[in-house]
file coords.txt (compact mmCIF, C-alpha atoms and all ligand atoms)
# COMPACT_ATOMS: atom_id res chain seq x y z
CA MET A 1 -11.49 -25.93 11.64
CA SER A 2 -9.03 -28.75 11.35
CA THR A 3 -5.49 -28.43 10.15
CA THR A 4 -6.27 -30.69 7.23
CA ASP A 5 -9.28 -28.63 6.25
CA ASN A 6 -7.33 -25.45 6.42
CA SER A 7 -4.11 -26.27 4.82
CA GLN A 8 -3.09 -26.18 1.23
CA VAL A 9 -4.78 -24.06 -1.19
CA ASP A 10 -8.28 -23.00 -1.63
CA ALA A 11 -7.39 -21.20 -4.83
CA GLY A 12 -10.28 -20.65 -7.18
CA ASP A 13 -12.27 -17.67 -8.39
CA PRO A 14 -11.60 -14.60 -6.25
CA PRO A 15 -14.38 -13.39 -3.97
CA ASP A 16 -16.57 -10.75 -5.58
CA GLU A 17 -18.04 -7.47 -4.32
CA ALA A 18 -21.35 -9.08 -3.40
CA ALA A 19 -19.51 -11.62 -1.28
CA ALA A 20 -17.71 -8.77 0.48
CA THR A 21 -20.99 -7.10 1.35
CA THR A 22 -22.46 -10.31 2.69
CA GLN A 23 -19.25 -10.93 4.56
CA ARG A 24 -19.44 -7.54 6.19
CA ASP A 25 -23.05 -8.09 7.23
CA THR A 26 -22.26 -11.42 8.82
CA VAL A 27 -19.06 -10.43 10.62
CA GLU A 28 -20.97 -8.52 13.26
CA GLU A 29 -23.23 -11.55 13.80
CA ASP A 30 -20.30 -13.99 13.93
CA ARG A 31 -18.15 -12.01 16.29
CA GLU A 32 -17.82 -13.10 19.85
CA GLU A 33 -18.28 -10.66 22.69
CA SER A 34 -15.80 -7.81 22.77
CA VAL A 35 -12.38 -9.04 23.81
CA GLU A 36 -10.77 -7.94 27.08
CA LEU A 37 -7.47 -6.48 26.00
CA ASP A 38 -4.86 -5.16 28.38
CA VAL A 39 -1.96 -6.97 26.79
CA LEU A 40 -2.14 -8.69 23.42
CA ASP A 41 0.42 -11.25 22.28
CA VAL A 42 1.28 -10.81 18.62
CA PHE A 43 2.88 -13.80 16.90
CA TRP A 44 4.80 -12.69 13.82
CA LEU A 45 5.36 -15.67 11.52
CA ALA A 46 8.00 -15.28 8.83
CA GLY A 47 7.44 -17.10 5.54
CA GLU A 48 9.21 -16.60 2.24
CA GLY A 49 10.11 -12.92 2.23
CA CYS A 50 12.90 -10.40 2.56
CA ASP A 51 11.98 -8.82 5.95
CA GLY A 52 11.22 -5.55 4.16
CA CYS A 53 7.76 -5.48 5.77
CA SER A 54 9.34 -5.58 9.23
CA ILE A 55 11.58 -2.68 8.27
CA SER A 56 8.56 -0.69 7.02
CA VAL A 57 6.69 -1.26 10.27
CA LEU A 58 9.69 -0.14 12.29
CA GLY A 59 9.49 3.19 10.49
CA ALA A 60 5.74 3.71 11.04
CA THR A 61 4.65 6.80 12.95
CA ASN A 62 0.84 6.78 13.08
CA PRO A 63 1.13 5.25 15.65
CA GLY A 64 4.76 4.18 15.95
CA ILE A 65 5.46 0.55 16.78
CA GLU A 66 7.20 1.69 19.97
CA ASP A 67 3.95 3.40 21.03
CA LEU A 68 2.04 0.15 20.52
CA LEU A 69 4.65 -1.91 22.37
CA SER A 70 4.76 0.49 25.30
CA GLY A 71 0.97 0.77 25.53
CA SER A 72 1.07 4.53 25.26
CA VAL A 73 -1.78 4.92 22.76
CA PRO A 74 -5.05 5.64 24.59
CA HIS A 75 -7.60 2.80 24.36
CA LEU A 76 -5.17 0.43 22.68
CA PRO A 77 -3.69 -2.53 24.54
CA THR A 78 0.02 -3.04 25.07
CA LEU A 79 1.33 -5.31 22.36
CA ASP A 80 3.72 -8.09 23.29
CA LEU A 81 5.45 -8.73 19.97
CA HIS A 82 6.93 -12.17 19.36
CA HIS A 83 8.95 -11.45 16.23
CA PRO A 84 11.70 -13.82 15.12
CA VAL A 85 14.21 -10.98 14.90
CA LEU A 86 12.90 -8.29 17.23
CA ALA A 87 11.63 -10.29 20.22
CA PHE A 88 13.35 -9.86 23.59
CA GLU A 89 13.20 -13.56 24.35
CA TRP A 90 15.10 -16.11 22.28
CA GLY A 91 15.75 -19.86 22.04
CA ASP A 92 13.59 -22.02 24.32
CA ASP A 93 11.99 -18.99 25.95
CA TYR A 94 10.83 -17.75 22.56
CA MET A 95 9.42 -21.14 21.57
CA GLU A 96 7.71 -21.66 24.92
CA VAL A 97 5.40 -18.71 24.38
CA LEU A 98 4.43 -19.94 20.91
CA GLN A 99 3.80 -23.39 22.32
CA GLU A 100 1.60 -22.02 25.08
CA ALA A 101 -0.52 -20.11 22.57
CA ALA A 102 -0.81 -23.17 20.33
CA ASN A 103 -1.97 -25.16 23.38
CA GLY A 104 -4.64 -22.57 24.14
CA GLU A 105 -2.84 -21.34 27.26
CA ARG A 106 -2.33 -17.76 26.05
CA ASP A 107 -5.35 -15.81 25.11
CA PRO A 108 -6.03 -13.43 23.43
CA TYR A 109 -3.43 -13.18 20.70
CA ALA A 110 -3.10 -12.05 17.10
CA VAL A 111 -1.14 -13.56 14.21
CA VAL A 112 0.81 -11.58 11.62
CA VAL A 113 2.21 -13.34 8.56
CA GLU A 114 5.12 -11.82 6.64
CA GLY A 115 6.34 -13.58 3.50
CA SER A 116 4.50 -16.10 1.35
CA VAL A 117 3.39 -19.50 2.57
CA PRO A 118 5.18 -22.41 0.91
CA ASN A 119 3.40 -25.59 -0.06
CA GLU A 120 5.18 -28.03 2.21
CA ARG A 121 3.30 -30.93 0.66
CA LEU A 122 5.48 -30.61 -2.40
CA ILE A 123 8.20 -32.08 -0.25
CA ALA A 124 6.28 -33.95 2.35
CA GLY A 125 5.50 -35.81 4.12
CA ASP A 126 3.20 -35.01 6.96
CA SER A 127 6.06 -33.76 9.04
CA ALA A 128 9.24 -31.81 8.64
CA GLU A 129 11.28 -34.99 9.05
CA ASP A 130 10.96 -35.49 5.30
CA GLY A 131 12.23 -31.99 4.54
CA TYR A 132 10.78 -28.50 4.71
CA TRP A 133 10.95 -25.05 3.14
CA ILE A 134 10.53 -22.82 6.21
CA ALA A 135 10.92 -23.92 9.81
CA LEU A 136 10.60 -22.25 13.21
CA GLY A 137 11.92 -24.12 16.23
CA GLU A 138 11.63 -27.79 17.04
CA ASP A 139 9.08 -30.11 18.56
CA GLU A 140 9.64 -32.15 21.73
CA ASP A 141 11.48 -34.80 19.72
CA GLY A 142 13.88 -32.30 18.25
CA ASN A 143 12.27 -32.31 14.81
CA PRO A 144 11.97 -28.97 13.00
CA MET A 145 8.56 -27.32 13.24
CA ARG A 146 7.45 -25.81 9.95
CA MET A 147 6.12 -22.29 9.66
CA VAL A 148 2.86 -23.72 8.28
CA ASP A 149 2.51 -25.96 11.35
CA TRP A 150 2.48 -22.85 13.53
CA LEU A 151 0.07 -21.09 11.20
CA ASP A 152 -2.30 -24.07 11.28
CA ARG A 153 -2.20 -24.16 15.06
CA LEU A 154 -2.38 -20.45 15.81
CA ALA A 155 -4.71 -19.00 13.16
CA PRO A 156 -7.97 -20.59 14.42
CA GLY A 157 -7.60 -19.05 17.89
CA ALA A 158 -6.32 -15.64 16.79
CA VAL A 159 -8.34 -12.51 17.49
CA VAL A 160 -7.28 -11.53 13.99
CA THR A 161 -4.84 -12.82 11.38
CA ILE A 162 -3.15 -10.11 9.35
CA ALA A 163 -1.05 -10.70 6.25
CA ILE A 164 1.49 -7.94 5.74
CA GLY A 165 3.17 -7.29 2.39
CA THR A 166 2.45 -8.69 -1.05
CA CYS A 167 4.21 -12.02 -0.42
CA ALA A 168 1.96 -12.78 2.56
CA THR A 169 -1.20 -11.38 0.97
CA TRP A 170 -1.10 -12.78 -2.56
CA GLY A 171 2.17 -14.71 -2.95
CA GLY A 172 4.31 -11.91 -4.39
CA VAL A 173 7.77 -12.46 -5.79
CA PRO A 174 8.21 -15.99 -4.34
CA ALA A 175 5.01 -16.98 -6.19
CA ALA A 176 6.21 -15.60 -9.55
CA LYS A 177 6.74 -17.74 -12.62
CA GLY A 178 9.13 -20.56 -11.83
CA ASN A 179 7.79 -20.72 -8.26
CA ALA A 180 9.65 -23.74 -6.93
CA THR A 181 7.91 -23.85 -3.55
CA ASP A 182 4.34 -23.40 -4.84
CA ALA A 183 4.30 -20.26 -2.69
CA MET A 184 0.95 -18.62 -2.04
CA GLY A 185 -0.72 -15.93 0.03
CA THR A 186 -2.09 -16.52 3.53
CA MET A 187 -5.70 -16.24 2.36
CA ASP A 188 -5.18 -18.95 -0.26
CA TYR A 189 -3.45 -21.13 2.31
CA LEU A 190 -5.98 -20.79 5.14
CA GLY A 191 -8.94 -20.86 2.80
CA ARG A 192 -11.61 -18.31 1.94
CA ASP A 193 -13.81 -19.57 4.76
CA TYR A 194 -11.23 -18.85 7.40
CA ARG A 195 -12.55 -16.61 10.16
CA SER A 196 -10.69 -15.31 13.19
CA VAL A 197 -12.18 -15.14 16.68
CA LEU A 198 -13.59 -11.74 15.72
CA GLY A 199 -15.29 -13.33 12.70
CA LEU A 200 -12.89 -11.67 10.26
CA PRO A 201 -11.24 -13.16 7.18
CA VAL A 202 -7.50 -12.74 6.73
CA VAL A 203 -6.90 -8.97 6.74
CA ASN A 204 -4.58 -8.08 3.87
CA VAL A 205 -2.20 -5.11 3.88
CA PRO A 206 -0.27 -5.51 0.61
CA GLY A 207 2.77 -3.68 -0.76
CA CYS A 208 6.34 -4.55 -1.62
CA ALA A 209 7.32 -3.22 0.79
CA PRO A 210 4.03 -2.00 2.29
CA VAL A 211 3.59 1.44 3.78
CA GLY A 212 4.32 0.85 7.48
CA ASP A 213 1.61 3.29 8.54
CA ASN A 214 -0.99 1.37 6.54
CA PHE A 215 -0.23 -1.62 8.74
CA VAL A 216 -0.17 0.05 12.17
CA GLU A 217 -3.28 2.07 11.34
CA THR A 218 -5.12 -1.13 10.38
CA VAL A 219 -3.95 -2.79 13.60
CA ALA A 220 -5.19 0.18 15.63
CA HIS A 221 -8.62 0.06 13.94
CA LEU A 222 -8.92 -3.67 14.52
CA LEU A 223 -7.99 -3.36 18.18
CA LEU A 224 -10.58 -0.65 18.76
CA TYR A 225 -13.16 -2.87 17.07
CA ALA A 226 -12.09 -5.88 19.14
CA GLN A 227 -12.87 -3.94 22.30
CA ASP A 228 -16.16 -2.66 20.90
CA ILE A 229 -14.85 0.90 21.03
CA GLY A 230 -14.65 1.47 17.27
CA PRO A 231 -16.68 0.33 14.23
CA LEU A 232 -15.82 -2.66 12.10
CA PRO A 233 -13.05 -1.53 9.73
CA GLU A 234 -14.36 -1.72 6.20
CA LEU A 235 -12.61 -4.38 4.15
CA ASP A 236 -12.99 -4.99 0.42
CA GLU A 237 -13.72 -8.33 -1.22
CA LEU A 238 -10.05 -9.32 -0.88
CA GLY A 239 -9.76 -8.38 2.79
CA ARG A 240 -7.95 -5.07 2.13
CA PRO A 241 -8.78 -2.04 4.28
CA LYS A 242 -11.05 -0.17 1.90
CA TRP A 243 -10.09 3.30 3.04
CA LEU A 244 -6.45 2.56 2.18
CA PHE A 245 -6.80 0.55 -1.03
CA GLY A 246 -10.09 1.79 -2.48
CA GLU A 247 -8.54 4.31 -4.89
CA THR A 248 -6.04 3.94 -7.69
CA VAL A 249 -2.54 5.38 -7.50
CA HIS A 250 -3.39 7.64 -10.45
CA ARG A 251 -6.22 9.41 -8.64
CA ASN A 252 -3.84 10.84 -6.06
CA CYS A 253 -0.68 11.15 -8.13
CA GLU A 254 0.89 14.59 -8.18
CA ARG A 255 1.67 14.08 -11.89
CA GLY A 256 -2.02 13.61 -12.73
CA SER A 257 -2.40 17.09 -14.23
CA TYR A 258 0.32 16.29 -16.77
CA TYR A 259 -1.61 13.17 -17.78
CA GLU A 260 -4.77 15.23 -18.15
CA GLU A 261 -2.99 17.69 -20.44
CA GLY A 262 -1.38 14.90 -22.45
CA VAL A 263 2.18 15.73 -21.43
CA PHE A 264 4.34 12.64 -20.93
CA ALA A 265 7.92 12.05 -19.84
CA GLU A 266 10.25 10.54 -22.40
CA GLU A 267 12.97 9.81 -19.89
CA TYR A 268 13.41 9.48 -16.14
CA GLY A 269 14.20 12.62 -14.23
CA SER A 270 11.27 14.49 -15.76
CA GLU A 271 8.47 15.93 -13.64
CA LYS A 272 5.88 14.86 -16.26
CA CYS A 273 3.53 11.86 -16.24
CA LEU A 274 5.37 8.54 -16.46
CA VAL A 275 2.70 6.46 -18.17
CA GLU A 276 4.61 6.13 -21.44
CA LEU A 277 7.60 4.84 -19.50
CA GLY A 278 5.44 2.04 -18.13
CA CYS A 279 3.54 3.45 -15.13
CA TRP A 280 0.66 1.19 -14.03
CA GLY A 281 -0.80 3.81 -11.67
CA PRO A 282 -4.15 4.22 -13.49
CA VAL A 283 -5.20 0.66 -12.58
CA VAL A 284 -3.33 -0.10 -9.35
CA LYS A 285 -5.04 0.12 -5.96
CA CYS A 286 -2.65 1.84 -3.56
CA ASN A 287 -2.46 5.01 -1.47
CA MET A 288 1.29 5.55 -1.86
CA PRO A 289 1.10 9.00 -3.56
CA SER A 290 -1.08 10.49 -0.83
CA ARG A 291 0.35 8.78 2.25
CA ARG A 292 3.88 8.55 0.84
CA ASN A 293 6.43 6.08 2.00
CA LEU A 294 7.54 7.02 5.46
CA ASP A 295 6.09 9.72 7.70
CA GLY A 296 4.88 11.74 4.71
CA VAL A 297 8.18 11.50 2.85
CA GLY A 298 8.98 9.66 -0.39
CA GLY A 299 6.54 7.55 -2.40
CA CYS A 300 7.09 6.10 -5.88
CA MET A 301 5.99 8.87 -8.26
CA ASN A 302 6.90 11.55 -5.73
CA VAL A 303 10.57 10.64 -6.05
CA GLY A 304 10.62 9.95 -9.79
CA GLY A 305 9.72 6.26 -9.95
CA LYS A 306 6.75 4.79 -11.75
CA CYS A 307 4.13 2.42 -10.34
CA ILE A 308 4.95 -1.25 -11.00
CA GLY A 309 1.80 -2.62 -9.36
CA CYS A 310 3.44 -4.06 -6.25
CA THR A 311 0.25 -4.02 -4.15
CA MET A 312 -1.76 -6.07 -6.64
CA PRO A 313 -2.54 -9.81 -6.61
CA GLY A 314 -1.09 -10.20 -10.11
CA PHE A 315 2.30 -8.80 -9.07
CA PRO A 316 4.89 -9.43 -10.39
CA ASP A 317 3.98 -11.63 -13.37
CA LYS A 318 1.10 -9.51 -14.67
CA PHE A 319 3.16 -6.31 -14.49
CA THR A 320 6.35 -7.40 -16.21
CA PRO A 321 8.42 -6.40 -18.06
CA TYR A 322 8.45 -3.35 -15.78
CA PHE A 323 10.09 -1.00 -18.24
CA LYS A 324 7.65 -1.51 -21.06
CA ARG A 325 4.61 0.59 -21.61
CA PRO A 326 1.40 -1.15 -20.40
CA PRO A 327 -0.67 -2.27 -23.43
CA GLY A 328 -3.78 -0.19 -22.59
CA THR A 329 -1.91 3.09 -22.45
CA LEU A 330 -1.58 3.42 -26.22
CA ILE A 331 -5.25 4.31 -26.52
CA SER A 332 -5.62 6.32 -23.32
CA SER A 333 -2.44 8.38 -23.63
CA SER A 334 -3.04 9.05 -27.36
CA GLY A 335 -6.53 10.31 -26.52
CA SER A 336 -5.11 12.36 -23.71
CA LYS A 337 -2.49 13.89 -26.03
CA LEU A 338 -5.13 14.86 -28.58
CA LEU A 339 -7.51 16.41 -26.10
CA GLY A 340 -4.66 17.81 -24.02
CA SER A 341 -3.21 19.78 -26.95
CA VAL A 342 -6.51 21.70 -27.23
CA VAL A 343 -6.98 22.05 -23.48
CA ARG A 344 -3.41 23.31 -23.01
CA ARG A 345 -3.86 26.08 -25.59
CA LEU A 346 -7.16 27.21 -24.12
CA ARG A 347 -5.64 27.20 -20.67
CA GLN A 348 -2.65 29.22 -21.84
CA ILE A 349 -4.97 31.95 -23.13
CA THR A 350 -6.81 31.94 -19.84
CA ILE A 351 -3.58 31.96 -17.84
CA GLU A 352 -2.34 35.03 -19.72
CA ASN A 353 -5.60 36.79 -19.05
CA GLN A 354 -5.82 35.80 -15.40
CA ASP A 355 -2.15 36.54 -14.73
CA ARG A 356 -2.92 40.28 -14.63
CA GLU A 357 -4.29 42.37 -11.79
CA VAL A 358 -7.71 43.79 -12.70
CA ARG A 359 -6.62 47.41 -12.25
CA TRP A 360 -3.82 46.88 -14.73
CA ASP A 361 -6.43 46.32 -17.42
CA GLU A 362 -8.94 48.96 -16.29
CA SER A 363 -6.85 51.92 -15.16
CA PRO A 364 -3.36 52.07 -16.56
CA GLY A 365 -0.94 54.20 -14.53
CA LEU A 366 0.45 57.56 -15.54
CA GLU A 367 3.56 56.13 -17.10
CA GLU A 368 1.52 53.51 -18.97
CA ARG A 369 -0.94 56.15 -20.21
CA ALA A 370 1.89 58.38 -21.36
CA TYR A 371 3.46 55.49 -23.18
CA GLN A 372 0.17 54.59 -24.87
CA TRP A 373 -0.34 58.27 -25.84
CA LEU A 374 3.08 58.46 -27.41
CA LEU A 375 2.45 55.30 -29.32
CA LYS A 376 -0.83 56.66 -30.65
CA ARG A 377 0.86 59.87 -31.82
CA GLY A 378 3.25 57.84 -33.89
CA SER A 379 6.18 59.23 -31.95
CA ASN A 380 9.64 57.93 -32.68
CA TYR A 381 9.84 57.21 -28.96
CA ASP A 382 11.74 53.91 -28.35
CA THR A 383 9.27 51.11 -27.71
CA GLY A 384 11.63 49.39 -25.28
CA ARG A 385 10.39 49.38 -21.68
CA GLY A 386 12.55 50.35 -18.72
CA ALA A 387 15.45 52.64 -17.82
CA ASP A 388 16.72 52.98 -21.36
CA ARG A 389 13.35 54.26 -22.64
CA GLY A 390 13.57 57.65 -24.26
CA PRO A 391 13.48 59.43 -27.61
CA LYS A 392 15.47 57.46 -30.12
CA GLY A 393 19.02 58.60 -30.39
CA GLU A 394 18.91 60.75 -27.25
CA ALA A 395 20.73 58.22 -25.15
CA ASP A 396 23.62 58.38 -27.53
FE1 LIG A 401 -0.92 8.35 -13.35
FE2 LIG A 401 1.49 7.16 -13.28
FE3 LIG A 401 1.14 9.41 -14.68
FE4 LIG A 401 1.08 9.42 -11.99
S1 LIG A 401 2.85 8.98 -13.28
S2 LIG A 401 -0.31 10.53 -13.39
S3 LIG A 401 0.09 7.47 -11.58
S4 LIG A 401 0.15 7.44 -15.07
call {"tool": "encode", "arguments": {"input": "coords.txt", "output": "structure tokens"}}
result
Amino acid sequence: MSTTDNSQVDAGDPPDEAAATTQRDTVEEDREESVELDVLDVFWLAGEGCDGCSISVLGATNPGIEDLLSGSVPHLPTLDLHHPVLAFEWGDDYMEVLQEAANGERDPYAVVVEGSVPNERLIAGDSAEDGYWIALGEDEDGNPMRMVDWLDRLAPGAVVTIAIGTCATWGGVPAAKGNATDAMGTMDYLGRDYRSVLGLPVVNVPGCAPVGDNFVETVAHLLLYAQDIGPLPELDELGRPKWLFGETVHRNCERGSYYEEGVFAEEYGSEKCLVELGCWGPVVKCNMPSRRNLDGVGGCMNVGGKCIGCTMPGFPDKFTPYFKRPPGTLISSSGSKLLGSVVRRLRQITIENQDREVRWDESPGLEERAYQWLLKRGSNYDTGRGADRGPKGEAD
């Protein structure tokens, strides 16, 4: 796969489900032998982003990044992370390792892309001499090396290329309307036909910022597969781990029962369903409500926020303005209100019936029986219950 073939936009119709199935069938055939992995170099390339994905990964716990770096997870290799901010080495030492990998002298390795990929050809020029959007280090002549140069050189030899966060997967905020750099996702940049050494397309773990555990868990699955210890992780037609992004937010939202009963929040701070305030959860693929944000804590709806669709390819343009009700909800929430008003009443009757111990209905106690007997006799006994009960007037 040449640099020229790879680079700059293979954007067209998205792959469909059938393509995903075929892709899955052929990955096993395309893969090379299992990879010997004691130590795996991981080259983290930073594109146009905010570093939020790095922060998310630092907070991951299943496994923690420190467990992966120290090689303390059974059957997983020790990761040697070459991250522009977190790496131990710096300056020439940092660049030397990248150079060795690009020259085929370090093998095996994986590539992680954070941030969207700019279209350097808008400026260029075949080299960074004419200007660049994102650079990383210099070549032998002292000219800046562009991030895309490293991606072109490293991606073909990578065991796997993973795009983390919505900028790297689909383009994200840098690719929104007014996108001056023609920013795009890694899959659009490398092309739909891109395959790693394992025969995999770009693996996409979206989110703005993504759930850190979604990323490390995907890495762990891929590394088990690389060594032929685990099965091929199931990816959908867009290269997302299917077990993480196969369900909508709505299906796991703790406010779902309010939606079902047609009870909707009118302002923030309410525990009710947020759809009329603009929640996109019913159509957004994300596991945030069940996995939550960090080590089982937080998560958008869990802390009072609504879903703005940050894991989706159309984000942000197709989900703005954020604070307006999505167009489709008028029909669905009106229907839910109508049906919910009936369901709520029926449930209330049932609740009142079920909220009583059986023996309370069948065998009233002595006091209860006495009370009922007095009532039947038309006594002037006070109908109030409790300590003040007694013949009217007696207490005075
Ligand atoms: Fe669904 Fe959003 Fe309502 Fe949760 S808050 S139940 S995701 S519409």
call {"tool": "atom_distance", "arguments": {"input": "coords.txt", "atom1": "atom CA of A:Ile134", "atom2": "atom CA of A:Gly47"}}
result
6.5 Å
call {"tool": "atom_distance", "arguments": {"input": "coords.txt", "atom1": "atom CA of A:Ala158", "atom2": "atom CA of A:Asp228"}}
result
16.8 Å
call {"tool": "residues_near_ligand", "arguments": {"input": "coords.txt", "ligand": "ligand LIG 401 (chain A)", "cutoff": "7 Å", "atoms": "all atoms listed in the file", "output": "mmCIF file with C-alpha atoms, in the coordinates of the input"}}
result
data_model
loop_
_atom_site.group_PDB
_atom_site.id
_atom_site.type_symbol
_atom_site.label_atom_id
_atom_site.label_comp_id
_atom_site.auth_asym_id
_atom_site.auth_seq_id
_atom_site.Cartn_x
_atom_site.Cartn_y
_atom_site.Cartn_z
ATOM 1 C CA VAL A 249 -2.540 5.380 -7.500
ATOM 2 C CA HIS A 250 -3.390 7.640 -10.450
ATOM 3 C CA CYS A 253 -0.680 11.150 -8.130
ATOM 4 C CA GLU A 254 0.890 14.590 -8.180
ATOM 5 C CA ARG A 255 1.670 14.080 -11.890
ATOM 6 C CA GLY A 256 -2.020 13.610 -12.730
ATOM 7 C CA SER A 257 -2.400 17.090 -14.230
ATOM 8 C CA TYR A 258 0.320 16.290 -16.770
ATOM 9 C CA TYR A 259 -1.610 13.170 -17.780
ATOM 10 C CA CYS A 273 3.530 11.860 -16.240
ATOM 11 C CA LEU A 274 5.370 8.540 -16.460
ATOM 12 C CA VAL A 275 2.700 6.460 -18.170
ATOM 13 C CA CYS A 279 3.540 3.450 -15.130
ATOM 14 C CA TRP A 280 0.660 1.190 -14.030
ATOM 15 C CA GLY A 281 -0.800 3.810 -11.670
ATOM 16 C CA PRO A 282 -4.150 4.220 -13.490
ATOM 17 C CA MET A 301 5.990 8.870 -8.260
ATOM 18 C CA LYS A 306 6.750 4.790 -11.750
ATOM 19 C CA CYS A 307 4.130 2.420 -10.340
#
call {"tool": "closest_residue", "arguments": {"input": "coords.txt", "among": "A:Ser72, A:Thr181, A:Thr218, A:Ser341", "to": "A:Ala60", "atoms": "all atoms listed in the file"}}
result
A:Thr218
call {"tool": "atom_distance", "arguments": {"input": "coords.txt", "atom1": "atom CA of A:Asn293", "atom2": "atom CA of A:Ser70"}}
result
24.0 Å
call {"tool": "closest_residue", "arguments": {"input": "coords.txt", "among": "A:Gly52, A:Pro108, A:Gly137, A:Gly171", "to": "A:Pro156", "atoms": "only C-alpha atoms"}}
result
A:Pro108
